[in-house]
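Data block below; observations after.
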Amino acid sequence: TSKNSSLITYNSSLKKVYATRLITYHSLLITHYLSLKKVFLLGFDIGSSSIKAALVEAQTGATVGVVQYPDTEMSMTAVQPGWAEQDPEMWWDCVCKASKKLLAQTGVQPADIHGIGIAYQMHGLVVVDKDHKPLRPSIIWCDSRAVEIGNGAFDTIGHQECLSHLLNSPGNFTASKLKWVKDNEPAIYEKIHKFMLPGDYIALRLTGEAITTPSGLSEGILWDFLENDAAAMVLGHYGIDRNLIPDIKPTCSEQGVLTAAAAAETGLRPGIPVTYRAGDQPNNAMSLNVLNPGEVAATGGTSGVIYGVVDRPAFDQQSRVNGFLHVNHTTEAPRTGVLLCINGSGIQYNWVRQHLGEDGIGYNDMEKIAATIPVGSDGLQIIPFGNGAERVLANKNPGAHYGNLQFNRHGAAHFYRAALEGIAFSFVYGAKIMNDMGVHIEVMRVGNDNLFQSTIFSTTIATLLNCKIEMVETTGAVGAAKASGVATGIYKTLDEALSNTKVLKIFTPDSDKAAYQAAYNNWESYLENLL
């Protein structure tokens, strides 16, 4: 430095050199710090069934512990047929209890946690007042009340206009649910300070800051892919004030720090930064190291999903399969996640276990019993669409059905297998649409904590799609934890954060494809007749 300002000259090249050196020095400091002391990253996965929490050791990428709360499934409220609501305060209470349970289980000290990532159930709506208090229960992802509102917007705004800008019909997504509140609960709507997605609400409780992301807005059909901004056409059509949208920050970025009040409730320390949030399906894909064009992820939880990445905006003319901004999207390197969602997936298999299975029967036992039945379940067919309007069926809600039941032939074992096959067939049905959009499935990566643990289920899909299914050791909460290390500087990129992904098991096509194809053809014919 010099006291004589006239001696100071601006040199842009020199500035770049020093900036590069500063970044390198910062990276060296972090590396040195990591070598001296263990550093941990915390991830939450806000599901509709339970809250999962995971701790990851940053240096090795090893999972230290994973818990869920509650042990049984959280409740949903259905005041009317086709509705589904949950109390956001229930999520927060479970987050706090899961956090304390995880700390107690692992012995990790809050002082050693340096980042928080959040994954969350997509498409839900939370509305809060100026004091950040929820004004009503959350209208969650499988609620069907806004279907006609979205269909009307699709027709009025124009199909091609919506598809080219939004990649979707406004459909039964978050924006349409907010419009439903505006039309049917005007007194509540007038009190809204901000509307948000479920993960935005949990981040709000952690940090006190109302923030969302471009990928989150795209999930709500509130992002304009051509304008690279919030979707003015949807806001204008629905008469929604843009000021109701929280501040927008990148998916991987500092999005506030843990408040003293939140630290007291969660057992954590004040000041931990929240540095990542994403919807559960983009997050699941990221957790499985599905980041680049041509890569495909899948999951079989309460709902079932296939999620493929492409390097361009992509849409289905009937909006049966949807495109959203992927977690690593940038304007320079576009990444669109093409998402097939089957609402009636694991929730249907759980219904079969609860209502048709013996008391206390587990999924492993059901798998063994189902394996005694041949491919095609001796002609018994189950249609799994009993969890609200199905986008893959153009938002129709046919309910679940079983067909060709023979009283002298079929028993519980047939129902177990037919249920697994019916869900698998619905995946294949949707994958055909994705193929037409340019998503060609050769390798599908899945987690090790849902329906894909079933050999019957996974082999059925692998055989009919002629693909390989790789089961990866991860969960959504673990992925969110790792992703939180990018904005904190622990990892340079998401690719680095996920570099130690391990494949546990591989499912390959069965040699007897004819039996699977015949069973699928019969199922598809039954579905088409039903529709």
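The chains in the structure tokens are called A, B, ... from first to last as shown; in each chain the residues are counted from 1, and the ligands are counted from 1 in the order shown.
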As a VMD selection string, list the residues of region 247-335 of chain A assigned to strand (DSSP E) by DSSP on the backbone atoms of this structure. chain A and resid 247 to 248 274 to 279 296 to 300 304 to 310 322 to 325
Could you dump the residues just selected with N, CA, C and O atoms as a compact mmCIF listing (two decimals), in the first residue's frame?
# COMPACT_ATOMS: atom_id res chain seq x y z
N ASP A 247 -36.93 -14.28 -1.38
CA ASP A 247 -35.70 -13.95 -2.09
C ASP A 247 -35.16 -15.21 -2.77
O ASP A 247 -35.30 -16.32 -2.24
N ILE A 248 -34.54 -15.04 -3.93
CA ILE A 248 -34.08 -16.17 -4.73
C ILE A 248 -32.55 -16.26 -4.65
O ILE A 248 -31.85 -15.29 -4.92
N VAL A 274 -26.76 -22.73 6.34
CA VAL A 274 -27.56 -23.57 5.45
C VAL A 274 -27.10 -23.24 4.04
O VAL A 274 -27.23 -22.10 3.59
N THR A 275 -26.57 -24.24 3.33
CA THR A 275 -25.87 -23.95 2.08
C THR A 275 -26.39 -24.75 0.89
O THR A 275 -25.77 -24.72 -0.18
N TYR A 276 -27.49 -25.46 1.07
CA TYR A 276 -28.03 -26.25 -0.05
C TYR A 276 -29.48 -26.58 0.25
O TYR A 276 -29.84 -26.88 1.40
N ARG A 277 -30.32 -26.51 -0.79
CA ARG A 277 -31.68 -27.05 -0.69
C ARG A 277 -32.15 -27.43 -2.08
O ARG A 277 -31.81 -26.77 -3.07
N ALA A 278 -32.92 -28.51 -2.15
CA ALA A 278 -33.46 -28.96 -3.44
C ALA A 278 -34.61 -29.91 -3.18
O ALA A 278 -34.68 -30.57 -2.12
N GLY A 279 -35.52 -30.02 -4.14
CA GLY A 279 -36.60 -30.98 -4.07
C GLY A 279 -36.06 -32.40 -3.99
O GLY A 279 -34.94 -32.69 -4.42
N VAL A 296 -29.34 -41.28 -15.49
CA VAL A 296 -30.72 -41.50 -15.06
C VAL A 296 -30.72 -42.04 -13.63
O VAL A 296 -29.94 -42.92 -13.28
N ALA A 297 -31.64 -41.51 -12.82
CA ALA A 297 -31.85 -41.98 -11.45
C ALA A 297 -33.28 -42.44 -11.31
O ALA A 297 -34.16 -42.10 -12.11
N ALA A 298 -33.54 -43.20 -10.25
CA ALA A 298 -34.92 -43.62 -9.96
C ALA A 298 -35.06 -43.86 -8.47
O ALA A 298 -34.07 -44.08 -7.76
N THR A 299 -36.29 -43.81 -8.01
CA THR A 299 -36.59 -44.12 -6.62
C THR A 299 -37.99 -44.72 -6.54
O THR A 299 -38.85 -44.43 -7.39
N GLY A 300 -38.22 -45.53 -5.53
CA GLY A 300 -39.52 -46.17 -5.35
C GLY A 300 -39.99 -46.02 -3.92
O GLY A 300 -40.12 -46.99 -3.19
N GLY A 304 -43.21 -43.05 -6.96
CA GLY A 304 -42.13 -43.62 -7.75
C GLY A 304 -41.66 -42.64 -8.80
O GLY A 304 -42.47 -41.90 -9.37
N VAL A 305 -40.37 -42.60 -9.05
CA VAL A 305 -39.82 -41.59 -9.95
C VAL A 305 -38.72 -42.18 -10.82
O VAL A 305 -37.91 -42.98 -10.36
N ILE A 306 -38.71 -41.76 -12.08
CA ILE A 306 -37.52 -41.89 -12.93
C ILE A 306 -37.13 -40.46 -13.30
O ILE A 306 -37.98 -39.65 -13.68
N TYR A 307 -35.84 -40.17 -13.20
CA TYR A 307 -35.36 -38.79 -13.37
C TYR A 307 -34.11 -38.83 -14.25
O TYR A 307 -33.08 -39.38 -13.86
N GLY A 308 -34.22 -38.27 -15.46
CA GLY A 308 -33.10 -38.25 -16.39
C GLY A 308 -32.63 -36.84 -16.66
O GLY A 308 -33.44 -35.90 -16.68
N VAL A 309 -31.34 -36.66 -16.89
CA VAL A 309 -30.75 -35.33 -17.12
C VAL A 309 -30.46 -35.13 -18.60
O VAL A 309 -29.88 -36.01 -19.25
N VAL A 310 -30.88 -33.98 -19.11
CA VAL A 310 -30.56 -33.58 -20.48
C VAL A 310 -29.95 -32.18 -20.44
O VAL A 310 -30.07 -31.46 -19.45
N ASN A 322 -42.43 -34.26 -16.71
CA ASN A 322 -42.15 -32.85 -16.46
C ASN A 322 -40.67 -32.53 -16.43
O ASN A 322 -39.85 -33.36 -16.02
N GLY A 323 -40.33 -31.32 -16.84
CA GLY A 323 -38.95 -30.85 -16.82
C GLY A 323 -38.75 -29.77 -15.78
O GLY A 323 -39.55 -28.84 -15.67
N PHE A 324 -37.67 -29.89 -14.98
CA PHE A 324 -37.35 -28.92 -13.95
C PHE A 324 -35.86 -28.59 -14.03
O PHE A 324 -35.08 -29.36 -14.57
N LEU A 325 -35.49 -27.43 -13.47
CA LEU A 325 -34.07 -27.12 -13.38
C LEU A 325 -33.38 -28.12 -12.46
O LEU A 325 -33.83 -28.34 -11.34
Find the residues around Lys182 (chain A) up to 9 Å (only C-alpha atoms counted), leave out those fewer than 5 positions away in its own chain, and share them as a count of residues only. 8
Can you tell me, as an NGL selection string, what residues are no more than 9 Å from region 457-473 of chain A when counting only C-alpha atoms, ignoring any on the same chain fewer than 6 positions away? :A and (288 or 375 or 417 or 420-421 or 423-425 or 427-428 or 431-432 or 441-449 or 451 or 501-513 or 516-517 or 520)
Expected file: the selected residues, C-alpha atoms, as a short mmCIF file (atom, residue, chain, number, x, y, z; two decimals), in the first residue's frame:
data_model
loop_
_atom_site.label_atom_id
_atom_site.label_comp_id
_atom_site.auth_asym_id
_atom_site.auth_seq_id
_atom_site.Cartn_x
_atom_site.Cartn_y
_atom_site.Cartn_z
CA LEU A 288 -26.77 -40.92 -6.89
CA VAL A 375 -43.94 -63.82 -13.63
CA ARG A 417 -46.32 -60.13 -6.66
CA LEU A 420 -44.85 -55.17 -7.23
CA GLU A 421 -45.37 -55.88 -10.93
CA ILE A 423 -45.83 -50.55 -9.87
CA ALA A 424 -42.94 -51.72 -12.05
CA PHE A 425 -45.21 -51.73 -15.11
CA PHE A 427 -42.55 -47.17 -14.39
CA VAL A 428 -42.14 -48.82 -17.80
CA ALA A 431 -40.36 -44.56 -19.46
CA LYS A 432 -41.79 -44.92 -22.97
CA ILE A 441 -32.18 -45.48 -20.30
CA GLU A 442 -29.13 -47.73 -20.42
CA VAL A 443 -28.06 -47.47 -16.77
CA MET A 444 -30.43 -46.52 -13.95
CA ARG A 445 -28.98 -45.61 -10.54
CA VAL A 446 -31.10 -46.19 -7.45
CA GLY A 447 -30.72 -45.95 -3.68
CA ASN A 448 -30.75 -48.88 -1.29
CA ASP A 449 -33.68 -47.85 0.88
CA LEU A 451 -38.81 -50.61 -3.50
CA THR A 501 -20.16 -43.06 -4.58
CA LYS A 502 -20.22 -46.85 -4.15
CA VAL A 503 -22.26 -49.38 -6.15
CA LEU A 504 -23.61 -52.10 -3.85
CA LYS A 505 -25.54 -54.30 -6.27
CA ILE A 506 -26.44 -54.54 -9.95
CA PHE A 507 -29.70 -55.85 -11.43
CA THR A 508 -29.62 -57.04 -15.04
CA PRO A 509 -32.37 -58.16 -17.46
CA ASP A 510 -33.80 -61.65 -17.03
CA SER A 511 -33.07 -63.97 -19.95
CA ASP A 512 -36.79 -64.86 -20.25
CA LYS A 513 -38.04 -61.49 -21.44
CA TYR A 516 -42.35 -60.22 -18.65
CA GLN A 517 -43.41 -58.66 -21.96
CA TYR A 520 -46.81 -56.08 -19.28
#
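If you look at CA of Gly256 (chain A) and CA of Thr207 (chain A), they are 5.3 Å away from each other.
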As a ChimeraX atom specification, please: the residues near region 82-85 of chain A (cut-off 8 Å, only C-alpha atoms, same-chain neighbours under 6 positions excluded). /A:76,137-145,387-389
With N, CA and C atoms kept, could you save the residues just selected as an mmCIF file, in the first residue's frame?
data_model
loop_
_atom_site.group_PDB
_atom_site.id
_atom_site.type_symbol
_atom_site.label_atom_id
_atom_site.label_comp_id
_atom_site.auth_asym_id
_atom_site.auth_seq_id
_atom_site.Cartn_x
_atom_site.Cartn_y
_atom_site.Cartn_z
ATOM 1 N N MET A 76 -51.315 -37.783 7.177
ATOM 2 C CA MET A 76 -51.846 -36.819 6.215
ATOM 3 C C MET A 76 -53.323 -36.614 6.527
ATOM 4 N N PRO A 137 -52.672 -25.448 6.969
ATOM 5 C CA PRO A 137 -51.855 -26.631 6.690
ATOM 6 C C PRO A 137 -51.266 -26.570 5.277
ATOM 7 N N SER A 138 -50.151 -27.240 5.104
ATOM 8 C CA SER A 138 -49.534 -27.305 3.777
ATOM 9 C C SER A 138 -50.367 -28.186 2.849
ATOM 10 N N ILE A 139 -50.598 -27.703 1.642
ATOM 11 C CA ILE A 139 -51.211 -28.519 0.583
ATOM 12 C C ILE A 139 -50.049 -29.244 -0.089
ATOM 13 N N ILE A 140 -49.970 -30.563 0.106
ATOM 14 C CA ILE A 140 -48.751 -31.273 -0.277
ATOM 15 C C ILE A 140 -48.847 -31.852 -1.697
ATOM 16 N N TRP A 141 -47.796 -32.545 -2.080
ATOM 17 C CA TRP A 141 -47.561 -32.942 -3.470
ATOM 18 C C TRP A 141 -48.673 -33.787 -4.057
ATOM 19 N N CYS A 142 -49.296 -34.682 -3.263
ATOM 20 C CA CYS A 142 -50.283 -35.604 -3.826
ATOM 21 C C CYS A 142 -51.714 -35.083 -3.718
ATOM 22 N N ASP A 143 -51.875 -33.821 -3.350
ATOM 23 C CA ASP A 143 -53.203 -33.205 -3.295
ATOM 24 C C ASP A 143 -53.646 -32.849 -4.714
ATOM 25 N N SER A 144 -54.911 -33.156 -5.042
ATOM 26 C CA SER A 144 -55.385 -33.024 -6.427
ATOM 27 C C SER A 144 -56.345 -31.854 -6.642
ATOM 28 N N ARG A 145 -56.543 -31.008 -5.653
ATOM 29 C CA ARG A 145 -57.620 -30.018 -5.742
ATOM 30 C C ARG A 145 -57.418 -28.965 -6.834
ATOM 31 N N ASN A 387 -53.462 -42.750 -5.481
ATOM 32 C CA ASN A 387 -52.926 -41.727 -4.568
ATOM 33 C C ASN A 387 -53.020 -40.342 -5.197
ATOM 34 N N GLY A 388 -54.211 -40.035 -5.731
ATOM 35 C CA GLY A 388 -54.412 -38.720 -6.330
ATOM 36 C C GLY A 388 -54.226 -38.726 -7.833
ATOM 37 N N ALA A 389 -54.394 -37.540 -8.415
ATOM 38 C CA ALA A 389 -54.279 -37.384 -9.864
ATOM 39 C C ALA A 389 -52.871 -37.759 -10.321
#
Closest to Gly337 (chain A) among A:Gly430, A:Thr455, A:Ser215, A:Met366, using only C-alpha atoms?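 Closest to Gly337 (chain A) of all the choices is A:Ser215.
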Per-residue nearest contacts region 106-176 of chain A to region 54-67 of chain A, cut-off 12 Å, using only C-alpha atoms, as a tab-separated table:
residue	atom	partner	partner_atom	distance
A:Thr106	CA	A:Gly65	CA	6.2
A:Gly107	CA	A:Val64	CA	9.7
A:Val108	CA	A:Leu55	CA	8.6
A:Gln109	CA	A:Leu55	CA	11.1
A:Pro110	CA	A:Leu55	CA	10.9
A:Asp112	CA	A:Glu57	CA	9.8
A:Ile113	CA	A:Leu55	CA	8.6
A:His114	CA	A:Ala58	CA	9.2
A:Gly115	CA	A:Ala58	CA	9.9
A:Ile116	CA	A:Leu55	CA	9.5
A:Gly117	CA	A:Ala54	CA	9.8
A:Ile118	CA	A:Ala54	CA	10.5
A:Ala119	CA	A:Ala54	CA	11.4
Just the number, please: distance in Å from CA of Asn172 (chain A) to CA of Gly150 (chain A), one decimal.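 Computing it gives 5.8 Å between the two atoms.
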